[in-house]
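This is final37.tsv. It holds TSV, C-alpha atoms and all ligand atoms.
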```
chain	number	residue	atom	x	y	z
R	1	MET	CA	14.54	4.64	-56.58
R	2	PHE	CA	17.71	5.56	-54.62
R	3	ASN	CA	19.06	8.90	-55.76
R	4	LEU	CA	22.81	8.72	-56.51
R	5	GLU	CA	24.46	11.90	-55.26
R	6	LYS	CA	27.76	11.44	-56.99
R	7	THR	CA	29.87	9.00	-58.99
R	8	TYR	CA	32.61	7.33	-56.95
R	9	GLU	CA	35.77	6.59	-58.89
R	10	ALA	CA	38.04	3.60	-58.21
R	11	ILE	CA	41.80	4.17	-58.06
R	12	ASN	CA	43.53	2.87	-61.19
R	13	TRP	CA	47.29	2.52	-60.78
R	14	ASN	CA	47.56	1.13	-64.32
R	15	ARG	CA	47.00	4.57	-65.73
R	16	PRO	CA	49.35	7.05	-64.07
R	17	THR	CA	47.58	10.29	-63.19
R	18	SER	CA	50.41	11.77	-61.15
R	19	ASP	CA	54.02	12.27	-62.26
R	20	LEU	CA	55.74	10.82	-59.23
R	21	ALA	CA	53.13	9.27	-56.94
R	22	ASN	CA	54.40	5.78	-57.74
R	23	VAL	CA	58.03	6.73	-57.02
R	24	PHE	CA	57.13	8.26	-53.63
R	25	TRP	CA	54.94	5.23	-52.79
R	26	GLU	CA	57.69	2.71	-53.56
R	27	GLN	CA	60.44	4.61	-51.79
R	28	GLN	CA	58.36	5.13	-48.65
R	29	TRP	CA	57.47	1.43	-48.34
R	30	LYS	CA	61.04	0.37	-49.12
R	31	GLN	CA	62.25	2.18	-46.05
R	32	ILE	CA	59.66	0.83	-43.61
R	33	TRP	CA	61.01	0.46	-40.08
R	34	PHE	CA	59.83	0.00	-36.52
R	35	PRO	CA	61.41	1.56	-33.43
R	36	GLU	CA	61.62	-1.81	-31.66
R	37	GLU	CA	64.27	-2.87	-34.21
R	38	ILE	CA	66.70	-0.37	-32.64
R	39	ALA	CA	68.41	-1.39	-29.40
R	40	VAL	CA	67.74	1.85	-27.50
R	41	SER	CA	68.38	0.00	-24.20
R	42	LYS	CA	72.08	0.06	-25.09
R	43	ASP	CA	71.94	3.80	-24.38
R	44	LEU	CA	70.85	3.22	-20.76
R	45	LYS	CA	74.34	3.15	-19.31
R	46	GLN	CA	75.26	6.51	-20.85
R	47	TRP	CA	71.85	7.95	-20.04
R	48	LYS	CA	72.30	7.47	-16.28
R	49	ASP	CA	75.28	9.87	-16.27
R	50	PHE	CA	74.05	12.17	-19.03
R	51	GLU	CA	74.24	15.81	-17.97
R	52	HIS	CA	71.36	17.35	-19.93
R	53	GLN	CA	68.57	14.81	-19.50
R	54	ASP	CA	66.00	17.57	-19.11
R	55	THR	CA	66.82	19.16	-22.49
R	56	TYR	CA	66.92	15.77	-24.16
R	57	LYS	CA	63.51	14.72	-22.83
R	58	LYS	CA	61.95	18.04	-23.83
R	59	VAL	CA	63.42	17.79	-27.35
R	60	PHE	CA	61.69	14.43	-27.77
R	61	GLY	CA	58.47	15.70	-26.19
R	62	GLY	CA	58.35	18.53	-28.72
R	63	LEU	CA	59.01	16.17	-31.61
R	64	THR	CA	56.22	13.88	-30.38
R	65	LEU	CA	53.75	16.77	-30.56
R	66	LEU	CA	54.73	17.66	-34.14
R	67	ASP	CA	54.42	14.05	-35.33
R	68	THR	CA	51.07	13.73	-33.56
R	69	VAL	CA	49.72	16.81	-35.35
R	70	GLN	CA	51.14	15.53	-38.62
R	71	THR	CA	49.44	12.12	-38.16
R	72	ASN	CA	46.05	13.28	-36.95
R	73	ILE	CA	45.54	16.51	-38.86
R	74	GLY	CA	48.24	17.17	-41.46
R	75	MET	CA	48.35	14.12	-43.69
R	76	ASN	CA	44.66	13.31	-43.08
R	77	GLU	CA	43.39	16.74	-44.14
R	78	ILE	CA	45.74	17.09	-47.11
R	79	ALA	CA	44.91	13.56	-48.31
R	80	LYS	CA	41.19	14.22	-47.89
R	81	PHE	CA	41.21	17.29	-50.15
R	82	THR	CA	43.82	16.19	-52.71
R	83	PRO	CA	41.83	15.35	-55.87
R	84	ASP	CA	44.27	12.89	-57.50
R	85	LEU	CA	43.55	9.39	-56.18
R	86	GLN	CA	47.16	8.18	-56.47
R	87	GLU	CA	48.54	11.21	-54.63
R	88	LYS	CA	45.80	10.74	-52.03
R	89	ALA	CA	46.97	7.15	-51.48
R	90	VAL	CA	50.61	8.25	-51.11
R	91	LEU	CA	49.63	10.88	-48.53
R	92	THR	CA	47.64	8.28	-46.59
R	93	VAL	CA	50.73	6.04	-46.48
R	94	PHE	CA	52.81	9.00	-45.27
R	95	GLY	CA	50.25	9.45	-42.48
R	96	ALA	CA	50.86	5.86	-41.33
R	97	PHE	CA	54.59	6.60	-41.09
R	98	GLU	CA	53.86	9.72	-39.05
R	99	ALA	CA	52.05	7.46	-36.58
R	100	ILE	CA	55.16	5.23	-36.38
R	101	HIS	CA	57.28	8.33	-35.72
R	102	ALA	CA	55.00	9.60	-32.98
R	103	LYS	CA	55.08	6.16	-31.32
R	104	SER	CA	58.85	5.80	-31.57
R	105	TYR	CA	59.50	8.64	-29.10
R	106	SER	CA	57.35	6.83	-26.55
R	107	TYR	CA	59.53	3.75	-27.12
R	108	ILE	CA	62.62	5.82	-26.29
R	109	PHE	CA	60.92	7.36	-23.24
R	110	THR	CA	59.79	3.99	-21.94
R	111	THR	CA	63.33	2.64	-22.29
R	112	LEU	CA	65.14	5.56	-20.62
R	113	CYS	CA	62.67	7.24	-18.24
R	114	THR	CA	60.40	6.46	-15.29
R	115	ASN	CA	56.62	6.76	-15.60
R	116	GLU	CA	56.64	9.93	-13.47
R	117	GLU	CA	59.24	11.52	-15.72
R	118	ILE	CA	57.27	10.58	-18.83
R	119	ASP	CA	54.08	12.11	-17.42
R	120	GLY	CA	56.09	15.25	-16.64
R	121	ILE	CA	57.24	15.56	-20.27
R	122	PHE	CA	53.72	15.27	-21.66
R	123	GLU	CA	52.53	17.90	-19.18
R	124	TRP	CA	55.38	20.20	-20.28
R	125	VAL	CA	54.31	19.75	-23.94
R	126	LYS	CA	50.83	21.03	-23.08
R	127	LYS	CA	52.24	24.03	-21.21
R	128	ASN	CA	55.14	25.15	-23.42
R	129	GLU	CA	53.89	28.30	-25.15
R	130	PHE	CA	56.29	28.11	-28.11
R	131	LEU	CA	55.44	24.50	-28.89
R	132	GLN	CA	51.73	25.19	-28.59
R	133	TYR	CA	52.13	28.29	-30.77
R	134	LYS	CA	53.61	26.34	-33.68
R	135	ALA	CA	51.11	23.49	-33.35
R	136	ASN	CA	48.27	26.06	-33.39
R	137	LYS	CA	49.67	28.00	-36.36
R	138	ILE	CA	50.13	24.90	-38.49
R	139	GLY	CA	46.95	23.18	-37.27
R	140	GLU	CA	44.90	26.24	-38.20
R	141	VAL	CA	46.09	26.18	-41.82
R	142	TYR	CA	45.44	22.42	-42.01
R	143	SER	CA	41.91	22.86	-40.73
R	144	SER	CA	41.07	25.63	-43.23
R	145	ILE	CA	41.16	23.60	-46.47
R	146	LYS	CA	37.97	23.99	-48.48
R	147	GLU	CA	36.50	21.53	-50.98
R	148	ASP	CA	37.63	22.08	-54.62
R	149	ASP	CA	39.82	25.00	-53.57
R	150	PRO	CA	43.45	24.65	-54.74
R	151	GLU	CA	44.44	27.82	-52.89
R	152	THR	CA	43.66	26.57	-49.37
R	153	LEU	CA	45.06	23.16	-50.32
R	154	TRP	CA	48.34	24.79	-51.44
R	155	LYS	CA	48.49	26.71	-48.17
R	156	ALA	CA	48.09	23.47	-46.20
R	157	MET	CA	50.82	21.83	-48.28
R	158	PHE	CA	53.05	24.85	-47.64
R	159	ALA	CA	52.42	24.53	-43.89
R	160	SER	CA	53.14	20.80	-44.08
R	161	VAL	CA	56.52	21.39	-45.75
R	162	MET	CA	57.28	23.99	-43.06
R	163	LEU	CA	56.63	21.35	-40.43
R	164	GLU	CA	58.44	18.47	-42.17
R	165	SER	CA	61.49	20.25	-43.58
R	166	PHE	CA	61.96	23.12	-41.12
R	167	LEU	CA	60.26	22.93	-37.71
R	168	PHE	CA	61.40	19.41	-36.83
R	169	TYR	CA	65.04	20.41	-37.03
R	170	SER	CA	65.28	22.42	-33.80
R	171	GLY	CA	64.64	19.04	-32.18
R	172	PHE	CA	66.56	16.76	-34.57
R	173	PHE	CA	69.71	18.81	-33.96
R	174	TYR	CA	70.34	17.48	-30.45
R	175	PRO	CA	70.24	13.69	-31.01
R	176	LEU	CA	72.24	14.12	-34.25
R	177	TYR	CA	74.81	16.28	-32.46
R	178	LEU	CA	75.15	13.79	-29.60
R	179	GLY	CA	74.94	10.63	-31.70
R	180	GLY	CA	77.64	11.99	-34.03
R	181	GLN	CA	79.96	12.07	-31.01
R	182	GLY	CA	79.05	8.59	-29.81
R	183	THR	CA	76.59	9.73	-27.13
R	184	LEU	CA	73.15	8.05	-26.98
R	185	ARG	CA	73.77	6.65	-30.44
R	186	ASN	CA	70.82	4.27	-30.59
R	187	SER	CA	68.25	6.94	-29.81
R	188	SER	CA	69.86	9.08	-32.48
R	189	GLU	CA	69.58	6.16	-34.91
R	190	VAL	CA	65.79	6.29	-34.40
R	191	ILE	CA	65.89	10.01	-35.21
R	192	SER	CA	67.89	9.44	-38.38
R	193	LEU	CA	65.24	6.93	-39.54
R	194	ILE	CA	62.51	9.50	-38.89
R	195	LEU	CA	64.54	12.13	-40.71
R	196	ARG	CA	64.89	9.82	-43.71
R	197	ASP	CA	61.07	9.65	-43.95
R	198	GLU	CA	60.61	13.39	-43.40
R	199	ALA	CA	62.97	14.04	-46.31
R	200	ILE	CA	60.63	12.14	-48.66
R	201	HIS	CA	57.54	13.82	-47.21
R	202	GLY	CA	59.02	17.31	-47.64
R	203	VAL	CA	60.03	16.62	-51.23
R	204	ALA	CA	56.75	14.89	-52.17
R	205	VAL	CA	54.35	17.41	-50.61
R	206	GLY	CA	56.54	20.24	-51.95
R	207	PHE	CA	56.31	18.70	-55.41
R	208	PHE	CA	52.50	18.32	-55.21
R	209	ALA	CA	52.33	21.95	-54.03
R	210	GLN	CA	54.44	23.13	-56.97
R	211	ASN	CA	52.04	21.40	-59.37
R	212	LEU	CA	49.13	23.34	-57.86
R	213	PHE	CA	51.11	26.59	-57.84
R	214	LYS	CA	51.86	26.43	-61.59
R	215	ASN	CA	48.16	26.79	-62.37
R	216	PHE	CA	47.60	30.00	-60.37
R	217	SER	CA	47.67	33.41	-62.09
R	218	THR	CA	50.81	35.53	-61.58
R	219	GLU	CA	48.87	37.83	-59.23
R	220	LYS	CA	47.66	34.89	-57.17
R	221	GLN	CA	51.17	33.41	-57.07
R	222	ASP	CA	52.57	36.71	-55.76
R	223	GLU	CA	49.83	36.92	-53.14
R	224	LEU	CA	50.48	33.33	-51.99
R	225	LYS	CA	54.23	33.90	-51.85
R	226	VAL	CA	53.73	36.90	-49.54
R	227	TRP	CA	51.43	34.78	-47.38
R	228	GLY	CA	54.00	31.96	-47.30
R	229	TYR	CA	57.04	34.08	-46.42
R	230	GLU	CA	55.05	35.82	-43.70
R	231	LEU	CA	54.06	32.47	-42.19
R	232	LEU	CA	57.67	31.27	-42.38
R	233	LEU	CA	58.96	34.40	-40.68
R	234	ASP	CA	56.33	34.13	-37.96
R	235	LEU	CA	57.25	30.49	-37.32
R	236	TYR	CA	60.96	31.35	-37.48
R	237	GLN	CA	60.69	34.00	-34.78
R	238	ASN	CA	58.83	31.55	-32.56
R	239	GLU	CA	61.44	28.89	-33.30
R	240	MET	CA	64.24	31.22	-32.14
R	241	LYS	CA	62.48	31.67	-28.79
R	242	TYR	CA	61.76	27.95	-28.51
R	243	THR	CA	65.44	27.19	-29.15
R	244	ASP	CA	66.66	29.66	-26.51
R	245	ASP	CA	64.21	28.14	-24.03
R	246	LEU	CA	65.02	24.52	-24.87
R	247	TYR	CA	68.79	24.67	-25.22
R	248	ALA	CA	69.50	27.25	-22.48
R	249	GLU	CA	71.52	24.89	-20.28
R	250	THR	CA	73.59	23.41	-23.15
R	251	GLY	CA	75.02	26.58	-24.74
R	252	LEU	CA	74.13	25.17	-28.17
R	253	SER	CA	71.49	27.75	-29.16
R	254	PRO	CA	73.57	29.63	-31.80
R	255	GLU	CA	74.41	26.38	-33.62
R	256	VAL	CA	70.83	25.12	-33.46
R	257	LYS	CA	69.64	28.44	-34.91
R	258	ALA	CA	72.03	28.18	-37.86
R	259	TYR	CA	70.73	24.66	-38.52
R	260	ILE	CA	67.13	25.93	-38.38
R	261	ARG	CA	67.89	28.61	-41.01
R	262	TYR	CA	69.60	26.01	-43.21
R	263	ASN	CA	66.48	23.83	-43.06
R	264	ALA	CA	64.11	26.78	-43.62
R	265	ASN	CA	65.96	27.30	-46.90
R	266	LYS	CA	65.56	23.59	-47.71
R	267	ALA	CA	61.82	23.83	-47.06
R	268	LEU	CA	61.56	26.77	-49.49
R	269	MET	CA	63.54	24.82	-52.09
R	270	ASN	CA	61.12	21.89	-51.74
R	271	LEU	CA	58.31	24.32	-52.53
R	272	GLY	CA	60.16	25.75	-55.54
R	273	LEU	CA	60.58	29.15	-53.84
R	274	ASP	CA	63.64	31.35	-53.34
R	275	MET	CA	65.75	30.81	-50.24
R	276	MET	CA	65.41	33.38	-47.49
R	277	PHE	CA	68.54	33.12	-45.35
R	278	PRO	CA	72.18	33.57	-46.39
R	279	GLU	CA	74.31	30.44	-46.42
R	280	GLU	CA	76.26	29.80	-43.24
R	281	GLU	CA	78.35	27.04	-41.78
R	282	ILE	CA	76.52	24.20	-40.06
R	283	ASN	CA	78.10	22.13	-37.31
R	284	PRO	CA	79.92	19.37	-39.23
R	285	ILE	CA	79.01	16.72	-36.65
R	286	VAL	CA	75.32	17.27	-37.37
R	287	MET	CA	75.85	17.31	-41.13
R	288	ASN	CA	77.98	14.17	-41.01
R	289	GLY	CA	75.44	12.48	-38.77
R	290	ILE	CA	72.91	12.88	-41.53
R	291	ARG	CA	75.14	11.61	-44.33
R	292	ASN	CA	76.52	8.63	-42.40
R	293	GLU	CA	73.07	7.27	-41.82
R	294	GLY	CA	72.53	7.07	-45.57
R	295	SER	CA	69.70	9.52	-45.29
R	296	THR	CA	67.64	10.56	-48.26
R	297	HIS	CA	68.08	14.19	-47.37
R	298	ASP	CA	69.06	14.89	-50.95
R	299	PHE	CA	66.21	12.85	-52.26
R	300	PHE	CA	66.94	12.95	-55.97
R	301	SER	CA	70.67	12.78	-55.62
R	302	THR	CA	72.40	9.41	-55.92
R	303	LYS	CA	75.67	10.46	-54.33
R	304	GLY	CA	76.18	9.57	-50.68
R	305	SER	CA	72.59	8.51	-50.32
R	306	SER	CA	71.11	5.06	-49.80
R	307	TYR	CA	68.50	5.95	-52.36
R	308	SER	CA	68.66	6.02	-56.09
R	309	LEU	CA	65.87	5.58	-58.58
R	310	ALA	CA	67.67	2.57	-60.03
R	311	LYS	CA	67.46	0.80	-56.69
R	312	VAL	CA	63.68	0.62	-56.79
R	313	ALA	CA	63.47	-3.09	-57.58
R	314	PRO	CA	60.40	-4.70	-59.15
R	315	ILE	CA	58.03	-6.35	-56.69
R	316	THR	CA	58.42	-10.16	-56.56
R	317	ASP	CA	57.53	-12.88	-54.02
R	318	GLU	CA	60.84	-12.02	-52.30
R	319	THR	CA	59.55	-8.53	-51.58
R	320	PHE	CA	57.11	-9.97	-49.06
R	321	LYS	CA	59.66	-12.05	-47.14
R	322	PHE	CA	60.62	-9.85	-44.23
R	323	ASN	CA	63.37	-10.64	-41.77
R	324	PHE	CA	62.68	-9.11	-38.41
E	401	FE	FE	57.07	12.36	-38.99
E	402	FE	FE	56.53	13.51	-42.24
```

Since I need it in another form, could you write the structure as structure tokens?
Amino acid sequence: MFNLEKTYEAINWNRPTSDLANVFWEQQWKQIWFPEEIAVSKDLKQWKDFEHQDTYKKVFGGLTLLDTVQTNIGMNEIAKFTPDLQEKAVLTVFGAFEAIHAKSYSYIFTTLCTNEEIDGIFEWVKKNEFLQYKANKIGEVYSSIKEDDPETLWKAMFASVMLESFLFYSGFFYPLYLGGQGTLRNSSEVISLILRDEAIHGVAVGFFAQNLFKNFSTEKQDELKVWGYELLLDLYQNEMKYTDDLYAETGLSPEVKAYIRYNANKALMNLGLDMMFPEEEINPIVMNGIRNEGSTHDFFSTKGSSYSLAKVAPITDETFKFNF
């Protein structure tokens, strides 16, 4: 007789086991998009005369690496070890969107650059010490989750929110800054669609992390907080060096750094932790760029955002009629 090792459970969406899994699921699918829907080729004319092509290409190369790590390791590992089946499904869907993000940069490259230039960018990604440092730091935490161990799972979720809500923004700054001034607008439209997804991911994973955190003892919570702030500070120092390296020829470093600190605070808020950096002014072009695109940056806020809970319409036959 075959010996059954364990009992496999089927996912039952009729009985909610997670507070918000269904909300995150619906919102993520509602905002599905594909890079080919954006006419990036309209940027070609401006691109030919664009002064800082090198910075721009490197920004997108760096973002590609982060989305690749998030697809292949981040969402996969966190989904694998998350016990709730509905949350697991939501994380798997997020992973699919990370794959769309990672592919969308290649779509921009293929539209604007030659094959030799593209190969050069991917070589630079492998050699840039600051990029490799952050991928290694985050990847290491992702790969250390143990079975039935909420502590290592929380750490991986913390690292994921660092990546989604904080580390992407040294790169997002540039297309938002340029697009907000009418330069390379279509490429920046792709970025604002990615940012809209990352906003959900940061909020959702932060929320799942907070649910785990509640169940730890006060001593354990204090220990994990110290671990978390140390990781953030480590990543922050690396991010400052990366920014100086990346933006050297543009003179934008100080503004990018302020934007990074603003988003580090957002990441901590998503995790239910105290902010670390004092408030400071952020370049209004970048802030407006986010709002104008109807981003879900303020995920639970209905003002100025394309998203509100009330807009989540019931699924009907119409839901499946797509117009591409
Ligand atoms: Fe992503
Ligand atoms: Fe994401």

Given only C-alpha atoms and all ligand atoms as the counted atoms, nearest of R:Ala159, R:Leu66, R:Val93, R:Leu233 to ligand FE 401 (chain E): R:Leu66

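Residues in contact with ligand FE 402 (chain E) (atom pairs separated by at most 7 Å; all atoms listed in the file) are Gln70, Phe94, Glu98, Glu164, Asp197, Glu198 and His201 of chain R.
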
Can you check which parts of chain R lie within 10 Å of ligand FE 401 (chain E)? Per residue, the shortest pair of atoms and distance in Å to one decimal, counting all atoms listed in the file, sorted by chain and number, as CSV.
```
residue,atom,partner,partner_atom,distance
R:Leu63,CA,E:FE401,FE,8.5
R:Thr64,CA,E:FE401,FE,8.8
R:Leu66,CA,E:FE401,FE,7.6
R:Asp67,CA,E:FE401,FE,4.8
R:Thr68,CA,E:FE401,FE,8.2
R:Val69,CA,E:FE401,FE,9.3
R:Gln70,CA,E:FE401,FE,6.7
R:Thr71,CA,E:FE401,FE,7.7
R:Phe94,CA,E:FE401,FE,8.3
R:Gly95,CA,E:FE401,FE,8.2
R:Ala96,CA,E:FE401,FE,9.3
R:Phe97,CA,E:FE401,FE,6.6
R:Glu98,CA,E:FE401,FE,4.2
R:Ala99,CA,E:FE401,FE,7.4
R:Ile100,CA,E:FE401,FE,7.8
R:His101,CA,E:FE401,FE,5.2
R:Ala102,CA,E:FE401,FE,6.9
R:Leu163,CA,E:FE401,FE,9.1
R:Glu164,CA,E:FE401,FE,7.0
R:Phe168,CA,E:FE401,FE,8.6
R:Ile191,CA,E:FE401,FE,9.9
R:Leu193,CA,E:FE401,FE,9.8
R:Ile194,CA,E:FE401,FE,6.1
R:Leu195,CA,E:FE401,FE,7.7
R:Arg196,CA,E:FE401,FE,9.5
R:Asp197,CA,E:FE401,FE,6.9
R:Glu198,CA,E:FE401,FE,5.7
R:Ala199,CA,E:FE401,FE,9.6
R:His201,CA,E:FE401,FE,8.4
```

Using all atoms listed in the file, can you tell me which of R:Ala258, R:Thr7, R:Leu65, R:Ala267 comes closest to Glu279 (chain R)? R:Ala258

Quote the spacing between CA of Glu189 (chain R) and CA of Gly74 (chain R) in Å to one decimal place.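 Going from CA of Glu189 (chain R) over to CA of Gly74 (chain R) covers 24.9 Å.
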
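The residue that comes closest to His52 (chain R), out of R:Phe208, R:Tyr105, R:Phe166, R:Tyr247 and on the basis of all atoms listed in the file, is R:Tyr247.
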
Separation of CA of Leu131 (chain R) and CA of Met75 (chain R), in Å?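 Those two atoms sit 19.4 Å apart.
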
Closest atom pairs, residues of region 163-194 of chain R within 9 Å of region 237-243 of chain R, only C-alpha atoms, as a Markdown table:
```
| residue | atom | partner | partner_atom | distance |
| --- | --- | --- | --- | --- |
| R:Leu167 | CA | R:Glu239 | CA | 7.5 |
| R:Ser170 | CA | R:Thr243 | CA | 6.7 |
| R:Gly171 | CA | R:Thr243 | CA | 8.7 |
```

Measure the distance from CA of Lys225 (chain R) to CA of Met275 (chain R) in Å and round it to one decimal. 12.0 Å

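Taking all atoms listed in the file, the non-local environment of Glu151 (chain R) within 12 Å (same-chain residues fewer than 4 positions away omitted) comprises Phe81, Thr82, Val141, Ser144, Ile145, Lys146, Glu147, Lys155, Ala156, Met157, Phe158, Ala209, Gln210, Asn211, Leu212, Phe213, Lys214, Asn215, Phe216, Ser217, Lys220, Gln221, Glu223, Leu224, Lys225, Trp227 and Gly228 of chain R.
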
Quick one: of R:Thr250, R:Trp25, R:Val125, R:Thr110, who's nearest to Tyr177 (chain R), counting all atoms listed in the file?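 So, comparing all the options, the nearest one is R:Thr250.
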
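The protein and nucleic acid residues lying at most 10 Å from Leu268 (chain R) are Phe158, Val161, Met162, Ser165, Phe166, Gly202, Gly206, Gly228, Tyr229, Leu232, Asn263, Ala264, Gly272, Leu273, Asp274, Met275 and Met276 of chain R, with only C-alpha atoms considered and sequence neighbours fewer than 4 positions away removed.
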
Name the closest residue to Asp84 (chain R) among the candidates R:Phe2, R:Tyr259, R:Trp13, R:Phe109; distances are taken between atoms, counting all atoms listed in the file.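 For Asp84 (chain R), the nearest of the candidates is R:Trp13.
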
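Across R:Cys113, R:Ala204, R:Ala135, R:Val256, the tightest approach to Leu176 (chain R) is made by R:Val256 when counting all atoms listed in the file.
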
Just give me the residues with any atom within 10 Å of (61.5, 18.9, -16.9), file coordinates, counting all atoms listed in the file, written as a ChimeraX atom specification. /R:53-58,117-118,120-124
